[in-house]
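Student: Have a look at this one before I ask anything.
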Amino acid sequence: MSSPARLAIETPESVRFRYEVADVGARALALSIDFLVQYLVLGLGFITYHWLVPVLEDVRPVLWGLTLFGIHWFYFVAFELAWSGQTPGKRAVGIRVVRAGGYPVTWVAVLARNLLRVIDSLPATYGVALVVSFCDRERRRLGDVVARTVVVRERKAPVTWDASVSAAPAPGTAAATFADAVLTLALDEATRELAADYVARRDALTPDARARVRAEVIETVLDRAPSAESRSELVSRLSVENQDPFLVSVASS
Amino acid sequence: MNAQRFKTERASEWRRVGALAARAEKSRFRGLDKATLDELTLGYRRMTSDLALVQARFPESQLGADLERVVARLHNVIYRGRQHRWRDVRTSLIAEIPRTVRARWRYVAVASALLFVPALVAYGVGLARPELARAFMPARIQEAAEAGRVHTDGLLEMMPSSWLSSAIATNNIAVVFSTFALGLLAGVGTIFSLGFNGIQLGLVLAFYQDHHLAGRMLAFIVGHGVTELSAICLAGAAGLLLGDALIAPGWSSRGAALAANGRDAVRIVTGLIPTLALAGLIEGFVSPSPAYPVSAKVILGVSLGLTLWLWLGVGGSGADRALGPSKAR
């Protein structure tokens with residue numbers, strides 16, 4: 001499991017924090033959703049203008065032409081300006097455009113990155129963007145390079161100290177102690193990284209996938225436990241805290 | 001210290017600061033008094049030190065990941081710079097675009113040469129070898145010219161002015177956007193686009209001159225042509241800015257050069273949107289209409305072109321004080 005690309009930011013207070021850079025898949029999904037929205041709007045517009053025939057025969061082609069033009073060139077510009085770096089597709093996927101340094105986008109940046117879609121979308125299906133962003137550490141396409149922007153993942157999961165969460169049996173607590181347990185045991189670097197990576201990303205996973213990945217991670221960690229004692233300690237702590245049927249079964253085996 | 005205890009200890013303040021930030025973000029800082037703002041910024045600073053502490057003591061912990069996320073959001077809410085407002089668009093139109101064009105006048109000059117030199121050459125070739133110019137014209141235009149008509153004569157019988165205007169304006173804006181974007185192909189795309197437009201222009205003029213219709217063609221073009229040709233030159237300059245950053249980034253990295261030149265290029269392109277919308281209106285309503293005398297079209301076209309270059313030439317040169325941040329409005 002390779003950890004996702006990060007965009008490190010150092011605040012004026014000299015504190016470092018990191019954004020998770022949106023991967024190419026997430027961006028492609030967002031783009032597909034945006035295309036779908038565009039086609040929907042165009043379809044609705046077409047039907048509406050069709051109805052308007054007897055009323056506005058002269059104006060109809062003008063309206064249609066302006067709609068096509070507006071959606072083609074300004075769909076992304078308008079949304080990214082209005083929603084500070086998000087379009088319907090990006091919002092649905094949970095990603096956002098920010099300027100390098102983590103600041104909100106400016107209108108110059110939004111125009112630059114979106115007018116350059118002409119080049120990024122060459123020769124078809126964003127081929128240039130695909131190649132360029134696979135090569136770039138921060139997964140930028142050419143438009144992002146010129147505009148100095150990065151698309152980052154925006155995780156909406158509630159933080160563990162929010163009232164609504166802490167009232168529940170706190171899913172974060174178990175994971176934190178899981179990570180603590182892994183860190184306190186003398187495990188090798190790769191295993192610790194694996195556990196930390198899982199803890200960092202688990203909020204982004206669906207419950208199904210999370211359960212699956214979690215089981216795999218735990219199994220791997222247990223496999224690599226240096227001694228029988230540390231293994232049983234890890235299992236007992238986790239199984240007691242989580243009431244996890246999988247772990248209970250491992251512990252009893 | 002234990003992560004859990006630290007969290008319990010600080011959670012109430014984190015919650016309060018988070019709620020304040022959400023409020024500030026939603027209201028865009030309007031209606032927040034000084035005490036609230038102080039609480040927000042101080043709370044943010046304390047949270048950054050909390051984050052630093054958690055990062056050092058409990059690396060890779062869930063608490064650290066959560067704090068990191070919240071601090072990132074607060075950072076964006078607090079250090080967001082000036083909001084983009086309509087006033088920025090005005091400042092940009094009045095001052096920034098002309099300043100940018102003047103600062104980058106060399107690119108405008110090169111782009112103009114890349115448009116007009118091929119145009120002149122094509123015009124000369126077209127006059128010397130009329131059959132060549134004819135070969136480049138579509139059959140529709142050839143037939144009209146044989147019958148002694150300029151192909152733009154019956155334009156208004158084919159479609160109403162409103163339709164024509166919006167179609168022309170949107171098409172021209174799309175051409176300008178593409179000419180700019182094509183600069184990213186190391187400038188080759190822009191150079192091709194400029195040269196192609198120039199050759200077309202030269203050949204069309206030579207073709208009509210050969211048919212003794214050049215006067216009528218020019219009468220059609222003059223109303224909007226000065227503005228549109230200027231726009232193509234400026235779009236070319238924007239494209240060349242990108243290409244130049246790729247080919248000769250100088251002392252900075254290619255990325256940094258692209259970002260710096262790209263910002264200026266986008267400014268120039270933005271100024272062309274209203275310019276081309278206006279030119280489109282003229283090309284749809286005035287140019288094809290026989291209701292306006294040629295003299296009126298000449299005056300309109302020339303004065304519009306002069307206004308454009310006057311704006312680009314002196315706009316924003318003395319406006320620093322009036323528009324600067326010192327005069328907080």
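For the structure tokens, the naming scheme is as follows: chains receive sequential letters (A, B, ...) according to their order of presentation, residues are indexed from 1 within each chain, and ligands are indexed from 1 in presentation order.
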What are the residues of chain B lining chain A at 8 Å or less? Count only C-alpha atoms, and put the answer as a tab-separated table (two decimals) with C-alpha atoms, in the first residue's frame.
Tutor:
chain	number	residue	atom	x	y	z
B	7	LYS	CA	-7.62	15.69	23.65
B	8	THR	CA	-10.14	15.78	26.49
B	11	ALA	CA	-11.46	19.61	23.03
B	15	ARG	CA	-14.79	22.92	19.19
B	45	ARG	CA	-2.57	30.04	16.86
B	48	THR	CA	-1.23	25.27	15.59
B	49	SER	CA	0.95	24.88	18.68
B	51	LEU	CA	-0.72	20.44	16.42
B	52	ALA	CA	3.03	20.90	16.67
B	60	GLU	CA	0.98	9.26	12.98
B	61	SER	CA	-1.86	9.28	15.49
B	62	GLN	CA	-5.52	9.73	14.62
B	63	LEU	CA	-5.55	12.81	16.83
B	65	ALA	CA	-4.48	13.52	11.52
B	66	ASP	CA	-7.69	15.15	12.78
B	68	GLU	CA	-3.97	18.56	10.89
B	69	ARG	CA	-7.21	18.59	8.94
B	71	VAL	CA	-5.76	23.44	11.23
B	72	ALA	CA	-5.61	23.22	7.43
B	75	HIS	CA	-5.50	28.28	7.86
B	76	ASN	CA	-7.54	28.62	4.69
B	79	TYR	CA	-5.10	33.44	5.44
B	80	ARG	CA	-7.40	33.76	2.48
B	84	HIS	CA	-12.40	38.43	-5.24
B	160	PRO	CA	-30.65	38.14	-37.93
B	162	SER	CA	-28.50	39.17	-32.89
B	163	TRP	CA	-27.70	35.66	-34.03
B	166	SER	CA	-23.44	36.23	-30.69
B	167	ALA	CA	-22.09	33.63	-33.12
B	170	THR	CA	-18.37	33.61	-29.18
B	177	PHE	CA	-8.71	31.46	-25.84
B	178	SER	CA	-7.28	28.78	-28.12
B	181	ALA	CA	-3.71	28.01	-24.81
B	182	LEU	CA	-1.84	26.80	-27.89
B	184	LEU	CA	1.68	25.85	-24.21
B	255	GLY	CA	7.23	25.92	-13.61
B	258	LEU	CA	5.13	29.46	-16.66
B	259	ALA	CA	3.28	30.66	-13.57
B	260	ALA	CA	4.65	34.21	-13.87
B	262	GLY	CA	0.75	32.67	-17.36
B	263	ARG	CA	-0.62	35.20	-14.87
B	266	VAL	CA	-4.48	35.46	-18.48
B	267	ARG	CA	-4.82	39.15	-17.63
Student: Which residues, written as a count of residues only, have at least one atom at most 12 Å from Glu96 of chain B, with only C-alpha atoms counted and residues fewer than 3 positions away on the same chain left out?
Tutor: 32
Student: So the first atom is atom CA of Gln55 of chain B and the second is atom CA of Gln86 of chain A; what is the distance between them in Å, to one decimal place?
Tutor: 29.6 Å
Student: Apply DSSP to the backbone of this structure and, from segment 81-135 of chain A, keep only the residues in alpha helix (DSSP H); write these as number ranges by chain.
Tutor: A: 81-82, 88-93, 107-115, 117-120, 127-135
Student: Near Leu222 of chain A, within 9 Å and counting only C-alpha atoms, which residues show up once chain neighbours fewer than 2 positions away are dropped, as a list in words?
Tutor: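 The contact residues come out as Val217, Ile218, Glu219, Thr220, Arg224, Ala225, Pro226, Ser230, Arg231, Ser232, Leu234 and Val235 of chain A.
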Student: Considering only C-alpha atoms, return as a count of residues only whatever protein or nucleic-acid residues lie within 7 Å of Ala245 of chain B, sequence-local ones (same chain, fewer than 2 positions apart) excluded.
Tutor: 10
Student: Would you work out the distance separating atom CA of Leu42 of chain A from atom CA of Phe74 of chain A, expressed in Å to one decimal?
Tutor: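 Distance reported for this atom pair: 13.6 Å.
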Student: Can you pull out every residue within 10 Å of segment 273-281 of chain B, counting only C-alpha atoms, but drop anything in the same chain fewer than 3 positions away, and send it as number ranges by chain?
Tutor: B: 93, 161-174, 176-177, 223-228, 230-232, 268-270, 284-287, 301, 304, 308
Student: Please write the residues from the selection above to a file, keeping C-alpha atoms, as a PDB file, in the first residue's frame.
Tutor:
ATOM      1  CA  LEU B  93      -9.889  46.511 -16.432  1.00  0.00           C
ATOM      2  CA  SER B 161     -28.073  40.500 -36.426  1.00  0.00           C
ATOM      3  CA  SER B 162     -28.502  39.173 -32.892  1.00  0.00           C
ATOM      4  CA  TRP B 163     -27.696  35.659 -34.031  1.00  0.00           C
ATOM      5  CA  LEU B 164     -24.786  36.831 -36.162  1.00  0.00           C
ATOM      6  CA  SER B 165     -23.356  38.937 -33.332  1.00  0.00           C
ATOM      7  CA  SER B 166     -23.444  36.227 -30.695  1.00  0.00           C
ATOM      8  CA  ALA B 167     -22.089  33.627 -33.119  1.00  0.00           C
ATOM      9  CA  ILE B 168     -19.205  35.872 -34.190  1.00  0.00           C
ATOM     10  CA  ALA B 169     -18.373  37.098 -30.703  1.00  0.00           C
ATOM     11  CA  THR B 170     -18.371  33.610 -29.175  1.00  0.00           C
ATOM     12  CA  ASN B 171     -16.354  32.253 -32.088  1.00  0.00           C
ATOM     13  CA  ASN B 172     -13.770  35.027 -31.783  1.00  0.00           C
ATOM     14  CA  ILE B 173     -13.487  34.640 -28.027  1.00  0.00           C
ATOM     15  CA  ALA B 174     -12.981  30.905 -28.537  1.00  0.00           C
ATOM     16  CA  VAL B 176      -8.546  34.024 -28.662  1.00  0.00           C
ATOM     17  CA  PHE B 177      -8.714  31.460 -25.841  1.00  0.00           C
ATOM     18  CA  GLY B 223     -16.120  48.630 -38.596  1.00  0.00           C
ATOM     19  CA  HIS B 224     -14.973  45.731 -36.477  1.00  0.00           C
ATOM     20  CA  GLY B 225     -11.686  44.697 -38.112  1.00  0.00           C
ATOM     21  CA  VAL B 226      -9.336  47.072 -36.318  1.00  0.00           C
ATOM     22  CA  THR B 227     -10.537  45.823 -32.937  1.00  0.00           C
ATOM     23  CA  GLU B 228     -10.539  42.173 -33.954  1.00  0.00           C
ATOM     24  CA  SER B 230      -5.769  43.967 -32.370  1.00  0.00           C
ATOM     25  CA  ALA B 231      -7.399  41.237 -30.285  1.00  0.00           C
ATOM     26  CA  ILE B 232      -5.682  38.504 -32.317  1.00  0.00           C
ATOM     27  CA  ILE B 268      -4.355  40.079 -21.279  1.00  0.00           C
ATOM     28  CA  VAL B 269      -6.844  37.442 -22.414  1.00  0.00           C
ATOM     29  CA  THR B 270      -9.431  38.655 -19.893  1.00  0.00           C
ATOM     30  CA  GLY B 284     -23.486  41.633 -36.477  1.00  0.00           C
ATOM     31  CA  PHE B 285     -25.452  44.869 -36.431  1.00  0.00           C
ATOM     32  CA  VAL B 286     -23.392  47.512 -38.269  1.00  0.00           C
ATOM     33  CA  SER B 287     -20.902  45.928 -40.654  1.00  0.00           C
ATOM     34  CA  GLY B 301     -13.927  51.241 -36.585  1.00  0.00           C
ATOM     35  CA  LEU B 304     -12.857  52.050 -31.504  1.00  0.00           C
ATOM     36  CA  LEU B 308      -8.575  50.321 -27.397  1.00  0.00           C
TER      37      LEU B 308
END
Student: How far is it from atom CA of Pro288 of chain B to atom CA of Leu205 of chain B, in Å with one decimal?
Tutor: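 Going from atom CA of Pro288 of chain B over to atom CA of Leu205 of chain B covers 17.1 Å.
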Student: Just want the 12 Å neighbourhood of Leu203 of chain B, counted on only C-alpha atoms, with same-chain residues fewer than 2 positions away dropped. Output as a PyMOL selection string.
Tutor: chain B and resi 118-137+196-201+205-210+214
Student: Would you mind telling me which residue in B:Ala219, B:Leu114, B:Ala147, B:Ala256 lies nearest to Val188 of chain B when using only C-alpha atoms?
Tutor: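 For Val188 of chain B, the nearest of the candidates is B:Leu114.
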